[in-house]
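A short write-up of the structure that comes next.
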Amino acid sequence: MSSSQRFVRFVVPSVLSMWIFSLYTMVDGFFVSRGVGEHALAAVNLSMPFVSFLFSVGLVFAVGASTVISIALGQKNERLANNCFNQNLVVVACLCAGISVLTLLNLDSIARFLGATELTHGYVRQYLGALAPFLPFFAVSYNLEVQVKAANAPQVSAVGVICCALTNVLLDDLFVMHFGWGVWGAAVATGLAQVASTSIFLLFFLRGKTVLRLGRFTPSPALLPRIIPLGLAEGMTEFSNAIVIFAFNQVILRVVGEDALVSYTIVSYLNTLVLMTMSGISQGAQPLISYCHGAADPGGCRRLRRLALGCGAVCSLLFFGFSQLAPQQLTGFFLDAEKSPLFAPSVRAIRLYSPAFLLTGFNVIWAGYFTATERPLPSLLISTGRACYLLLPSLILLSSLFGETGVWLSPACAEALCLLLTLFFIRQTGQNRRGSLPGR
């Protein structure tokens, strides 16, 4: 099978999985906005940084373990691969169970920290309280979904995620629109959907027909210092979404006003779809690149990298074109064009925000490539640049200078600065001239 065929076989299910994840979070927003109201939609957006934080925790362990597993399989070391697989699941489940308990004990404090106001505090508290018992399923489900691809069965990943999405949509409609359970019902629907996908992935591994098998393992604490640095960059890519939403919420409340949170909710859904697309390309290519890296095949790494960057460039252009030419379609999914005074400002916000989409893919895919070839430091610095030390100053400075317009333009500024950082690491490591990273 050629590199391009293997790339398509792994990346398409990965991107599909990410799209479905993004779309069913958007569907959550649709049912809440239509079934409860605009303030409830804003409350769900205020809760999203917490959900993204949990997802990023799972992602750190999922991607880090997947990289170690894929390299081990490339080196024909199945014992190490299985030990890493099973230990990782136990660590993630225990960690997220602890987060779940802490969340339930501190709901009011978390809601206030996220920026809940008098109008949204009750909704945020309901949403997080209903979601908290399901937190271990979020992380375990995503870990299993990533490891399914490392086990050379990307089609099972797509099946599990599609099942999760359909479960979420059907239960959203039942709980919110028919039973009238509001944001609490939307959160329960999301949690039960994660239980459904976890069950599918567990059944796949319990069948014992794959190189990775559920079972006993020998505890190896030494694996954690290897897994965590490798997963941090991808985790920060997702956590960047949490930081972005949190920072934007706070600045919007201060600079524009509470009503603009509804506009940003719609923008953040689109931004999440873009980010998940680029992460899907990166994560789909990751086990293939790691396998080539473990098998000392720099030519294979180079070919896969070019395919990933080309795919990312095409997707970036499509998202930017849609945002400029047809933002009314997305906005109309949540708001009534004739009745809502927030419709026109939301359309304008999407257009101003969208130049960032042209650069996101390049930065995310290169960060993923550095991770896949065991160079976590450049990957981490690129990802944290997008998330923190480049974005936040851009947001604060541009919002101070240009008000609301500056708020929407700041992500493009941050991505451009991050592009310079990415180019620096490409030049430093000689990636334009060599397919494999030095220091291997």
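Scheme for the structure tokens: letters A, B, ... for chains in order shown; per-chain residue numbers from 1; ligand numbers from 1 in order shown.
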Please report, as JSON lines, each residue of range 149-197 of chain A lying at most 12 Å from range 204-218 of chain A, together with the nearest pair of atoms and the separation in Å rounded to one decimal; use only C-alpha atoms, and order rows by chain and ascending residue number.
```
{"residue": "A:Lys149", "atom": "CA", "partner": "A:Leu212", "partner_atom": "CA", "distance": 10.6}
{"residue": "A:Ala150", "atom": "CA", "partner": "A:Leu212", "partner_atom": "CA", "distance": 8.6}
{"residue": "A:Ala151", "atom": "CA", "partner": "A:Leu212", "partner_atom": "CA", "distance": 6.1}
{"residue": "A:Asn152", "atom": "CA", "partner": "A:Thr210", "partner_atom": "CA", "distance": 8.3}
{"residue": "A:Ala153", "atom": "CA", "partner": "A:Thr210", "partner_atom": "CA", "distance": 8.6}
{"residue": "A:Pro154", "atom": "CA", "partner": "A:Phe204", "partner_atom": "CA", "distance": 11.7}
{"residue": "A:Gln155", "atom": "CA", "partner": "A:Phe204", "partner_atom": "CA", "distance": 11.4}
{"residue": "A:Val156", "atom": "CA", "partner": "A:Phe204", "partner_atom": "CA", "distance": 7.9}
{"residue": "A:Ser157", "atom": "CA", "partner": "A:Phe204", "partner_atom": "CA", "distance": 10.0}
{"residue": "A:Val159", "atom": "CA", "partner": "A:Phe204", "partner_atom": "CA", "distance": 10.9}
{"residue": "A:Gly160", "atom": "CA", "partner": "A:Phe204", "partner_atom": "CA", "distance": 9.9}
{"residue": "A:Ser197", "atom": "CA", "partner": "A:Phe204", "partner_atom": "CA", "distance": 10.9}
```
Keeping only N, CA and C atoms, write the selected residues as a short mmCIF file (atom, residue, chain, number, x, y, z; two decimals), in the first residue's frame.
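Resulting contents of again-v4.cif:
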```
data_model
loop_
_atom_site.label_atom_id
_atom_site.label_comp_id
_atom_site.auth_asym_id
_atom_site.auth_seq_id
_atom_site.Cartn_x
_atom_site.Cartn_y
_atom_site.Cartn_z
N LYS A 149 -6.65 3.53 16.30
CA LYS A 149 -5.89 3.85 15.09
C LYS A 149 -4.48 3.27 15.17
N ALA A 150 -3.88 3.33 16.37
CA ALA A 150 -2.55 2.73 16.54
C ALA A 150 -2.60 1.22 16.34
N ALA A 151 -3.77 0.62 16.60
CA ALA A 151 -3.95 -0.82 16.40
C ALA A 151 -4.33 -1.16 14.96
N ASN A 152 -4.21 -0.18 14.07
CA ASN A 152 -4.43 -0.38 12.63
C ASN A 152 -5.89 -0.66 12.28
N ALA A 153 -6.82 -0.01 13.03
CA ALA A 153 -8.25 -0.18 12.74
C ALA A 153 -8.95 1.17 12.78
N PRO A 154 -8.55 2.11 11.91
CA PRO A 154 -9.14 3.46 11.96
C PRO A 154 -10.64 3.48 11.68
N GLN A 155 -11.15 2.47 10.94
CA GLN A 155 -12.58 2.44 10.64
C GLN A 155 -13.41 2.25 11.91
N VAL A 156 -12.87 1.53 12.90
CA VAL A 156 -13.58 1.33 14.16
C VAL A 156 -13.69 2.65 14.91
N SER A 157 -12.66 3.48 14.78
CA SER A 157 -12.70 4.81 15.39
C SER A 157 -13.88 5.61 14.87
N VAL A 159 -16.64 4.46 13.50
CA VAL A 159 -17.90 3.85 13.95
C VAL A 159 -18.24 4.30 15.37
N GLY A 160 -17.25 4.28 16.26
CA GLY A 160 -17.48 4.67 17.64
C GLY A 160 -17.90 6.12 17.78
N SER A 197 -19.85 5.42 23.23
CA SER A 197 -18.63 5.24 22.43
C SER A 197 -17.57 4.44 23.19
#
```
Please give the complete set of residues from range 69-147 of chain A that DSSP, run on the backbone, assigns to alpha helix (DSSP H), formatted as JSON, numbers by chain. {"A": [69, 70, 71, 72, 73, 74, 78, 79, 80, 81, 82, 83, 84, 85, 86, 87, 88, 89, 90, 91, 92, 93, 94, 95, 96, 97, 98, 99, 100, 101, 102, 103, 104, 105, 107, 108, 109, 110, 111, 112, 113, 121, 122, 123, 124, 125, 126, 127, 128, 129, 130, 131, 135, 136, 137, 138, 139, 140, 141, 142, 143, 144, 145, 146, 147]}
Excluding range 413-419 of chain A and residues on its chain fewer than 5 positions from it, collect all residues at most 12 Å away from it, counting only C-alpha atoms, and give them as a ChimeraX atom specification. /A:240,244,352-367,378-399,406-408,424-426
So what do you get for CA of Pro411 in chain A versus CA of Arg254 in chain A, distance-wise?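 Distance between the two atoms: 18.0 Å.
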So how many Å separate CA of Val60 in chain A and CA of Gly191 in chain A, to one decimal? 20.6 Å
Please, which residues in range 321-374 of chain A fall within 12 Å of range 260-266 of chain A when counting only C-alpha atoms, and what is the closest atom pair and distance in Å to one decimal for each, ordered by chain then residue number, as a Markdown table?
```
| residue | atom | partner | partner_atom | distance |
| --- | --- | --- | --- | --- |
| A:Ser323 | CA | A:Ile266 | CA | 11.9 |
| A:Pro327 | CA | A:Ile266 | CA | 10.2 |
| A:Gln328 | CA | A:Ile266 | CA | 11.1 |
| A:Gln329 | CA | A:Ile266 | CA | 11.3 |
| A:Leu330 | CA | A:Ile266 | CA | 7.8 |
| A:Thr331 | CA | A:Ile266 | CA | 6.8 |
| A:Gly332 | CA | A:Ile266 | CA | 10.0 |
| A:Phe333 | CA | A:Ile266 | CA | 9.2 |
| A:Phe334 | CA | A:Ile266 | CA | 7.7 |
| A:Leu335 | CA | A:Val262 | CA | 9.3 |
| A:Ser340 | CA | A:Val262 | CA | 10.8 |
| A:Pro341 | CA | A:Ser263 | CA | 10.6 |
| A:Leu342 | CA | A:Ser263 | CA | 6.8 |
| A:Phe343 | CA | A:Ser263 | CA | 7.9 |
| A:Ala344 | CA | A:Ser263 | CA | 9.3 |
| A:Pro345 | CA | A:Ser263 | CA | 6.9 |
| A:Ser346 | CA | A:Ser263 | CA | 4.6 |
| A:Val347 | CA | A:Ser263 | CA | 8.2 |
| A:Arg348 | CA | A:Ser263 | CA | 9.3 |
| A:Ala349 | CA | A:Ser263 | CA | 7.1 |
| A:Ile350 | CA | A:Ile266 | CA | 8.2 |
| A:Arg351 | CA | A:Ser263 | CA | 11.9 |
| A:Leu352 | CA | A:Tyr264 | CA | 11.7 |
| A:Tyr353 | CA | A:Tyr264 | CA | 10.0 |
```
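Proximity of A:Leu401, A:Ala196, A:Val161, A:Cys311 to Ser22 in chain A, computed with only C-alpha atoms, is greatest for A:Val161.
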With only C-alpha atoms as the counted atoms, please give the residues lying no more than 8 Å from Val274 in chain A, apart from itself and same-chain residues fewer than 3 positions off, as a PyMOL selection string. chain A and resi 270-271+277-278+316+319+357
Spatial neighbours of Thr373 in chain A, 7 Å, only C-alpha atoms, chain gap at least 2 places, as a list of chain:residue names: A:Ser290, A:His293, A:Tyr369, A:Phe370, A:Thr371, A:Arg375, A:Leu437
In Å and to one decimal, CA of Arg306 in chain A is distant from CA of Thr429 in chain A by 16.3 Å
Which is closest to Glu258 in chain A among A:Asp28, A:Gln428, A:Gly115, A:Ser4, if we use only C-alpha atoms?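 For Glu258 in chain A, the nearest of the given residues is A:Gly115.
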With only C-alpha atoms as the atoms that count, which of A:Thr67, A:Gln250, A:Asn106, A:Asn168 lies nearest to Ala187 in chain A?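 Among the listed residues, A:Asn168 lies closest to Ala187 in chain A.
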Name the residues in contact with range 39-54 of chain A at a cut-off of 9 Å, using only C-alpha atoms, excluding same-chain residues fewer than 4 positions from it; report them as JSON, numbers by chain. {"A": [28, 29, 30, 31, 32, 33, 34, 58, 59, 96, 99, 110, 111, 114, 115, 116, 119, 120, 121, 122, 123, 124, 125, 127, 128, 131, 135, 138, 139, 182, 183, 235, 238, 239, 240, 241, 242, 243, 244, 245, 246, 249, 258, 259, 261, 262, 263, 264, 265, 266, 268]}
Might you pull out every residue within 12 Å of Ala93 in chain A, with only C-alpha atoms counted and same-chain residues fewer than 6 positions away left off, and present them as a short mmCIF file (atom, residue, chain, number, x, y, z; two decimals) with C-alpha atoms, in the first residue's frame?
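In the end it all went to part_9.cif:
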```
data_model
loop_
_atom_site.label_atom_id
_atom_site.label_comp_id
_atom_site.auth_asym_id
_atom_site.auth_seq_id
_atom_site.Cartn_x
_atom_site.Cartn_y
_atom_site.Cartn_z
CA LEU A 54 -10.83 17.66 30.42
CA VAL A 57 -6.02 15.95 29.74
CA GLY A 58 -7.20 12.85 27.92
CA PHE A 61 -2.12 10.70 27.54
CA ALA A 62 -3.80 9.47 24.34
CA ASN A 86 -3.13 -0.89 29.48
CA GLN A 87 -1.24 1.23 32.00
CA ILE A 99 -11.31 15.51 38.66
CA SER A 100 -14.97 14.43 38.65
CA PHE A 134 -19.31 11.24 33.14
CA LEU A 135 -15.84 12.85 33.05
CA PRO A 136 -13.86 9.55 33.14
CA PHE A 137 -15.78 8.36 30.08
CA PHE A 138 -14.73 11.47 28.13
CA ALA A 139 -11.03 10.79 28.61
CA VAL A 140 -11.16 6.98 28.37
CA SER A 141 -13.31 7.10 25.24
CA TYR A 142 -10.91 9.43 23.48
CA ASN A 143 -7.87 7.37 24.58
CA LEU A 144 -9.43 4.22 23.17
CA THR A 198 -16.52 3.89 25.31
#
```
For a quick check of understanding, using only C-alpha atoms, which of A:Ala313, A:Met18, A:Ala130, A:Ile200 has the smallest distance to Leu275 in chain A? A:Met18
Of the residues A:Pro221, A:Gly368, A:Gly294, A:Gly231, which is the one nearest to Ser279 in chain A, using only C-alpha atoms? A:Gly368
Go through A:Val90, A:Val255, A:Ala337, A:Leu73 one by one, measure the shortest atom-to-atom distance of each to Leu288 in chain A using only C-alpha atoms, and give the residue with the smallest value.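 The closest residue to Leu288 in chain A is A:Leu73.
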